[in-house]
Amino acid sequence: PSSAASDVYKRQLEMLRICSVFLFLLISSGYDFRRREVSNGIWLVFAPSGLIFSILQFYFLRELHWIVLTCLSLLVVGGFSLSLFYLGFFGGADAKALICLSLTLPVYPSCLSPYLNVVSPLFPLSVFSNAVLFSSMVVFGIMLYNLYRRFGVGENLFEGFDDPLWIKVLVFFVGFKIDANKLNDSSHYILLENVSRGKKGNLHRLKPIFRLDENPTQDVSCLDKFNGRVWVTPSLPFLIFITVGFIVALFLGDILLWLVSKSINIL
């Protein structure tokens with residue numbers, strides 16, 4: 001095709017890619033918000049559609065470098081996502097979303113221009129960077145809530161705990177206390193306490209621990225023995241942050257990368 005026709009094809013394919021990614025992220029975010037899990041059927045549709053877009057781009061535009069970039073994005077982003085998943089820092093759906101994104105939109109679309117003019121060469125990394133930044137802001141909300149419970153309500157948050165101060169500080173920023181009965185049928189919280197039974201059947205409260213897996217196995221049937229309140233951390237629907245990170249990366253850019261670049265310029 002002519003140069004003008006190629007530009008039209010490219011712009012149309014990029015808009016289709018953007019709409020496709022947004023649609024699938026929106027659907028998966030809804031599942032993640034309600035159930036904290038996403039059906040594999042979504043990824044079985046999302047991944048092939050991304051591959052089809054890449055094939056169409058090569059067929060119509062003969063852009064071999066696009067295939068190279070797609071493979072590079074899949075290798076880097078896929079390896080990074082799977083590593084975080086197997087280390088327990090990432091959910092399976094989160095890893096699949098980034099892998100599908102690397103198949104569908106491996107580089108920033110040429111039809112747009114980010115406001116900050118800073119974006120990673122591999123676009124999914126900018127999406128992930130923004131998602132991590134936004135999800136980390138939850139820490140400030142948790143801190144304010146714990147300050148209110150401690151000084152506004154007067155609750156002794158660490159009564160019965162003799163753990164080191166650094167553990168208490170970490171728990172103060174990442175967790176909060178809720179009634180134990182809220183854990184019975186909820187996947188929205190992850191326990192930060194380890195509970196075990198003694199030889200005589202009595203219960204021992206151990207130091208708070210950080211659960212990185214999605215399916216904590218602590219015995220929650222006996223937590224009412226401890227004044228009915230336990231330390232938990234919210235099981236964040238990270239796909240929502242990925243979706244927001246995607247939108248921000250498209251129109252604003254990579255915020256963390258921009259902050260780093262500004263810091264380097266200042267130095």
# chains A, B, ... in the order shown; residues from 1 in each chain; ligands from 1
$ residues_around --residues "segment 21-27 of chain A" --least-positions-apart "4" --cutoff "10 Å" --atoms "only C-alpha atoms" --output "number ranges by chain"
A: 15-17, 31-32, 38, 42-43, 45-46, 49-50, 97-98, 100-101, 104-105, 239-240, 242-244, 246-247
$ closest_atom_pairs --of "segment 99-196 of chain A" --to "segment 260-264 of chain A" --cutoff "12 Å" --atoms "only C-alpha atoms" --output "CSV"
residue,atom,partner,partner_atom,distance
A:Leu116,CA,A:Ser261,CA,10.9
A:Asn117,CA,A:Ser261,CA,11.1
A:Val118,CA,A:Ser261,CA,8.7
A:Val119,CA,A:Ser261,CA,11.0
A:Ser120,CA,A:Ser261,CA,11.9
A:Ser129,CA,A:Val260,CA,11.9
$ write_last_selection --atoms "N, CA and C atoms" --output "compact mmCIF listing (two decimals), in the first residue's frame"
# COMPACT_ATOMS: atom_id res chain seq x y z
N LEU A 116 3.37 13.92 29.31
CA LEU A 116 4.67 14.06 29.96
C LEU A 116 5.83 13.76 29.02
N ASN A 117 5.51 13.25 27.85
CA ASN A 117 6.52 12.91 26.85
C ASN A 117 7.53 11.88 27.35
N VAL A 118 7.12 11.07 28.31
CA VAL A 118 7.99 10.02 28.84
C VAL A 118 7.20 8.73 28.91
N VAL A 119 7.70 7.69 28.24
CA VAL A 119 7.06 6.39 28.27
C VAL A 119 8.12 5.33 28.01
N SER A 120 7.96 4.17 28.58
CA SER A 120 8.93 3.09 28.40
C SER A 120 8.91 2.59 26.95
N SER A 129 4.21 0.19 35.84
CA SER A 129 4.81 1.21 36.70
C SER A 129 3.74 2.13 37.29
$ atom_distance --atom1 "atom CA of Val76 of chain A" --atom2 "atom CA of Phe90 of chain A"
15.9 Å
$ select_by_dssp --residues "segment 48-189 of chain A" --states "helix (DSSP H, G or I)" --output "PyMOL selection string"
chain A and resi 48-61+64-87+92-104+123-136+138-152+165-174+180-183
$ residues_around --residues "Ile178 of chain A" --least-positions-apart "4" --cutoff "8 Å" --atoms "only C-alpha atoms" --output "list in words"
Lys182, Arg229, Val230, Trp231 and Val232 of chain A
$ residues_around --residues "Phe58 of chain A" --least-positions-apart "3" --cutoff "12 Å" --atoms "only C-alpha atoms" --output "list of chain:residue names"
A:Ser6, A:Tyr9, A:Lys10, A:Leu13, A:Leu51, A:Ile52, A:Phe53, A:Ser54, A:Ile55, A:Leu61, A:Arg62, A:Glu63, A:Leu64, A:His65, A:Trp66, A:Ile67, A:Val68, A:Leu69, A:Thr70
$ write_last_selection --atoms "N, CA, C and O atoms" --output "CSV table (one decimal), in the first residue's frame"
chain,number,residue,atom,x,y,z
A,6,SER,N,-0.9,3.3,4.2
A,6,SER,CA,-0.2,2.6,5.4
A,6,SER,C,-0.5,3.3,6.7
A,6,SER,O,-0.7,2.7,7.7
A,9,TYR,N,-4.0,2.6,7.7
A,9,TYR,CA,-4.1,1.2,8.3
A,9,TYR,C,-3.5,1.1,9.7
A,9,TYR,O,-4.1,0.5,10.6
A,10,LYS,N,-2.4,1.8,9.8
A,10,LYS,CA,-1.7,1.7,11.1
A,10,LYS,C,-2.5,2.4,12.2
A,10,LYS,O,-2.6,1.9,13.3
A,13,LEU,N,-5.5,0.2,13.1
A,13,LEU,CA,-5.1,-0.9,13.9
A,13,LEU,C,-4.7,-0.5,15.3
A,13,LEU,O,-5.1,-1.2,16.3
A,51,LEU,N,-2.7,-11.4,19.2
A,51,LEU,CA,-1.9,-12.0,18.2
A,51,LEU,C,-2.4,-11.7,16.8
A,51,LEU,O,-1.6,-11.5,15.9
A,52,ILE,N,-3.7,-11.7,16.7
A,52,ILE,CA,-4.3,-11.5,15.4
A,52,ILE,C,-3.9,-10.0,14.9
A,52,ILE,O,-3.6,-9.8,13.8
A,53,PHE,N,-4.0,-9.1,15.9
A,53,PHE,CA,-3.6,-7.7,15.5
A,53,PHE,C,-2.2,-7.6,15.0
A,53,PHE,O,-1.9,-6.9,14.1
A,54,SER,N,-1.3,-8.3,15.7
A,54,SER,CA,0.1,-8.3,15.3
A,54,SER,C,0.3,-8.9,13.9
A,54,SER,O,1.1,-8.4,13.1
A,55,ILE,N,-0.4,-10.0,13.6
A,55,ILE,CA,-0.3,-10.6,12.3
A,55,ILE,C,-0.9,-9.7,11.2
A,55,ILE,O,-0.3,-9.5,10.1
A,61,LEU,N,1.2,-3.9,6.6
A,61,LEU,CA,2.3,-2.9,6.6
A,61,LEU,C,3.7,-3.5,6.4
A,61,LEU,O,4.6,-2.7,6.2
A,62,ARG,N,3.8,-4.8,6.5
A,62,ARG,CA,5.1,-5.4,6.3
A,62,ARG,C,6.1,-4.8,7.2
A,62,ARG,O,7.3,-4.6,6.9
A,63,GLU,N,5.7,-4.6,8.5
A,63,GLU,CA,6.6,-4.1,9.5
A,63,GLU,C,7.2,-5.2,10.3
A,63,GLU,O,6.7,-5.6,11.3
A,64,LEU,N,8.4,-5.6,9.8
A,64,LEU,CA,9.1,-6.7,10.5
A,64,LEU,C,9.5,-6.3,11.9
A,64,LEU,O,9.5,-7.2,12.9
A,65,HIS,N,9.8,-5.1,12.1
A,65,HIS,CA,10.3,-4.6,13.4
A,65,HIS,C,9.1,-4.8,14.5
A,65,HIS,O,9.4,-4.9,15.7
A,66,TRP,N,7.9,-4.7,14.0
A,66,TRP,CA,6.8,-4.9,14.9
A,66,TRP,C,6.8,-6.3,15.5
A,66,TRP,O,6.5,-6.4,16.7
A,67,ILE,N,7.0,-7.3,14.7
A,67,ILE,CA,7.1,-8.6,15.2
A,67,ILE,C,8.2,-8.8,16.2
A,67,ILE,O,8.1,-9.4,17.2
A,68,VAL,N,9.4,-8.1,15.9
A,68,VAL,CA,10.5,-8.2,16.8
A,68,VAL,C,10.2,-7.5,18.2
A,68,VAL,O,10.4,-8.1,19.2
A,69,LEU,N,9.5,-6.4,18.1
A,69,LEU,CA,9.1,-5.7,19.3
A,69,LEU,C,8.1,-6.5,20.1
A,69,LEU,O,8.1,-6.5,21.4
A,70,THR,N,7.2,-7.1,19.4
A,70,THR,CA,6.2,-7.9,20.1
A,70,THR,C,6.8,-9.1,20.8
A,70,THR,O,6.5,-9.4,22.0
$ residues_around --residues "segment 77-89 of chain A" --least-positions-apart "3" --cutoff "10 Å" --atoms "only C-alpha atoms" --output "ChimeraX atom specification"
/A:71-74,92-103,106,122-125,128,211-214
$ select_by_dssp --residues "segment 2-219 of chain A" --states "strand (DSSP E or B)" --output "list in words"
Phe176, Lys177, Ile178, Asp179, Tyr189, Ile190, Leu191, Glu193, Asn194, Val195, Ser196, Arg197, Leu203, His204, Arg205, Leu206, Lys207 and Pro208 of chain A
$ decode --residues "segment 58-73 of chain A" --atoms "all heavy atoms" --output "compact mmCIF listing (two decimals), in the first residue's frame"
# COMPACT_ATOMS: atom_id res chain seq x y z
N PHE A 58 1.61 -6.90 10.44
CA PHE A 58 2.69 -7.36 9.57
C PHE A 58 2.19 -7.60 8.14
O PHE A 58 2.88 -7.28 7.16
CB PHE A 58 3.30 -8.64 10.13
CG PHE A 58 4.37 -9.23 9.25
CD1 PHE A 58 5.60 -8.60 9.12
CD2 PHE A 58 4.13 -10.39 8.54
CE1 PHE A 58 6.58 -9.14 8.31
CE2 PHE A 58 5.10 -10.93 7.71
CZ PHE A 58 6.33 -10.31 7.60
N TYR A 59 0.97 -8.13 8.02
CA TYR A 59 0.44 -8.46 6.69
C TYR A 59 0.19 -7.21 5.86
O TYR A 59 0.55 -7.15 4.68
CB TYR A 59 -0.85 -9.26 6.85
CG TYR A 59 -1.52 -9.60 5.54
CD1 TYR A 59 -1.04 -10.64 4.75
CD2 TYR A 59 -2.61 -8.87 5.09
CE1 TYR A 59 -1.65 -10.96 3.54
CE2 TYR A 59 -3.22 -9.16 3.87
CZ TYR A 59 -2.74 -10.21 3.11
OH TYR A 59 -3.33 -10.50 1.90
N PHE A 60 -0.43 -6.19 6.49
CA PHE A 60 -0.79 -4.99 5.73
C PHE A 60 0.39 -4.02 5.59
O PHE A 60 0.51 -3.35 4.56
CB PHE A 60 -1.96 -4.27 6.41
CG PHE A 60 -3.28 -4.93 6.19
CD1 PHE A 60 -3.96 -5.52 7.24
CD2 PHE A 60 -3.86 -4.96 4.93
CE1 PHE A 60 -5.19 -6.12 7.04
CE2 PHE A 60 -5.09 -5.57 4.72
CZ PHE A 60 -5.76 -6.16 5.78
N LEU A 61 1.23 -3.94 6.60
CA LEU A 61 2.27 -2.91 6.60
C LEU A 61 3.67 -3.45 6.38
O LEU A 61 4.61 -2.68 6.18
CB LEU A 61 2.22 -2.13 7.92
CG LEU A 61 0.87 -1.49 8.27
CD1 LEU A 61 0.94 -0.82 9.62
CD2 LEU A 61 0.45 -0.49 7.20
N ARG A 62 3.79 -4.79 6.45
CA ARG A 62 5.10 -5.43 6.28
C ARG A 62 6.14 -4.84 7.24
O ARG A 62 7.30 -4.61 6.87
CB ARG A 62 5.58 -5.27 4.83
CG ARG A 62 4.73 -6.00 3.81
CD ARG A 62 4.90 -7.51 3.98
NE ARG A 62 4.23 -8.25 2.91
CZ ARG A 62 3.01 -8.77 2.98
NH1 ARG A 62 2.34 -8.63 4.11
NH2 ARG A 62 2.48 -9.45 2.00
N GLU A 63 5.72 -4.61 8.48
CA GLU A 63 6.62 -4.06 9.49
C GLU A 63 7.23 -5.19 10.30
O GLU A 63 6.68 -5.65 11.30
CB GLU A 63 5.87 -3.08 10.41
CG GLU A 63 5.43 -1.81 9.70
CD GLU A 63 4.78 -0.83 10.66
OE1 GLU A 63 4.34 -1.25 11.74
OE2 GLU A 63 4.70 0.36 10.32
N LEU A 64 8.39 -5.64 9.85
CA LEU A 64 9.06 -6.74 10.53
C LEU A 64 9.48 -6.34 11.94
O LEU A 64 9.47 -7.18 12.86
CB LEU A 64 10.29 -7.18 9.72
CG LEU A 64 11.09 -8.36 10.29
CD1 LEU A 64 10.20 -9.60 10.39
CD2 LEU A 64 12.31 -8.64 9.44
N HIS A 65 9.82 -5.07 12.12
CA HIS A 65 10.26 -4.64 13.44
C HIS A 65 9.14 -4.76 14.47
O HIS A 65 9.41 -4.90 15.67
CB HIS A 65 10.77 -3.18 13.39
CG HIS A 65 9.68 -2.18 13.19
ND1 HIS A 65 9.16 -1.87 11.96
CD2 HIS A 65 9.00 -1.41 14.09
CE1 HIS A 65 8.22 -0.95 12.09
NE2 HIS A 65 8.10 -0.65 13.36
N TRP A 66 7.88 -4.71 13.99
CA TRP A 66 6.76 -4.86 14.93
C TRP A 66 6.75 -6.27 15.53
O TRP A 66 6.51 -6.45 16.72
CB TRP A 66 5.44 -4.58 14.22
CG TRP A 66 4.27 -4.69 15.15
CD1 TRP A 66 3.51 -5.78 15.41
CD2 TRP A 66 3.78 -3.66 16.00
NE1 TRP A 66 2.56 -5.50 16.35
CE2 TRP A 66 2.70 -4.20 16.74
CE3 TRP A 66 4.12 -2.32 16.19
CZ2 TRP A 66 1.98 -3.46 17.65
CZ3 TRP A 66 3.40 -1.58 17.11
CH2 TRP A 66 2.34 -2.15 17.83
N ILE A 67 7.02 -7.27 14.70
CA ILE A 67 7.09 -8.64 15.18
C ILE A 67 8.22 -8.79 16.19
O ILE A 67 8.08 -9.44 17.24
CB ILE A 67 7.29 -9.63 14.01
CG1 ILE A 67 6.14 -9.52 13.00
CG2 ILE A 67 7.41 -11.06 14.52
CD1 ILE A 67 4.78 -9.87 13.57
N VAL A 68 9.36 -8.15 15.89
CA VAL A 68 10.51 -8.20 16.81
C VAL A 68 10.15 -7.55 18.15
O VAL A 68 10.44 -8.10 19.21
CB VAL A 68 11.73 -7.50 16.18
CG1 VAL A 68 12.89 -7.44 17.19
CG2 VAL A 68 12.16 -8.22 14.91
N LEU A 69 9.51 -6.39 18.09
CA LEU A 69 9.12 -5.69 19.32
C LEU A 69 8.09 -6.48 20.12
O LEU A 69 8.14 -6.51 21.35
CB LEU A 69 8.56 -4.31 18.98
CG LEU A 69 9.58 -3.26 18.52
CD1 LEU A 69 8.87 -2.01 18.03
CD2 LEU A 69 10.53 -2.90 19.66
N THR A 70 7.16 -7.12 19.41
CA THR A 70 6.15 -7.93 20.10
C THR A 70 6.81 -9.11 20.81
O THR A 70 6.49 -9.40 21.98
CB THR A 70 5.11 -8.45 19.09
OG1 THR A 70 4.47 -7.34 18.45
CG2 THR A 70 4.05 -9.30 19.80
N CYS A 71 7.74 -9.77 20.15
CA CYS A 71 8.44 -10.90 20.76
C CYS A 71 9.28 -10.44 21.95
O CYS A 71 9.33 -11.10 22.99
CB CYS A 71 9.32 -11.60 19.72
SG CYS A 71 8.41 -12.44 18.42
N LEU A 72 9.94 -9.28 21.79
CA LEU A 72 10.76 -8.74 22.88
C LEU A 72 9.90 -8.37 24.08
O LEU A 72 10.24 -8.68 25.23
CB LEU A 72 11.52 -7.51 22.39
CG LEU A 72 12.44 -6.83 23.41
CD1 LEU A 72 13.53 -7.78 23.86
CD2 LEU A 72 13.04 -5.55 22.83
N SER A 73 8.76 -7.73 23.81
CA SER A 73 7.84 -7.35 24.88
C SER A 73 7.30 -8.58 25.59
O SER A 73 7.22 -8.62 26.82
CB SER A 73 6.69 -6.52 24.31
OG SER A 73 5.77 -6.17 25.32
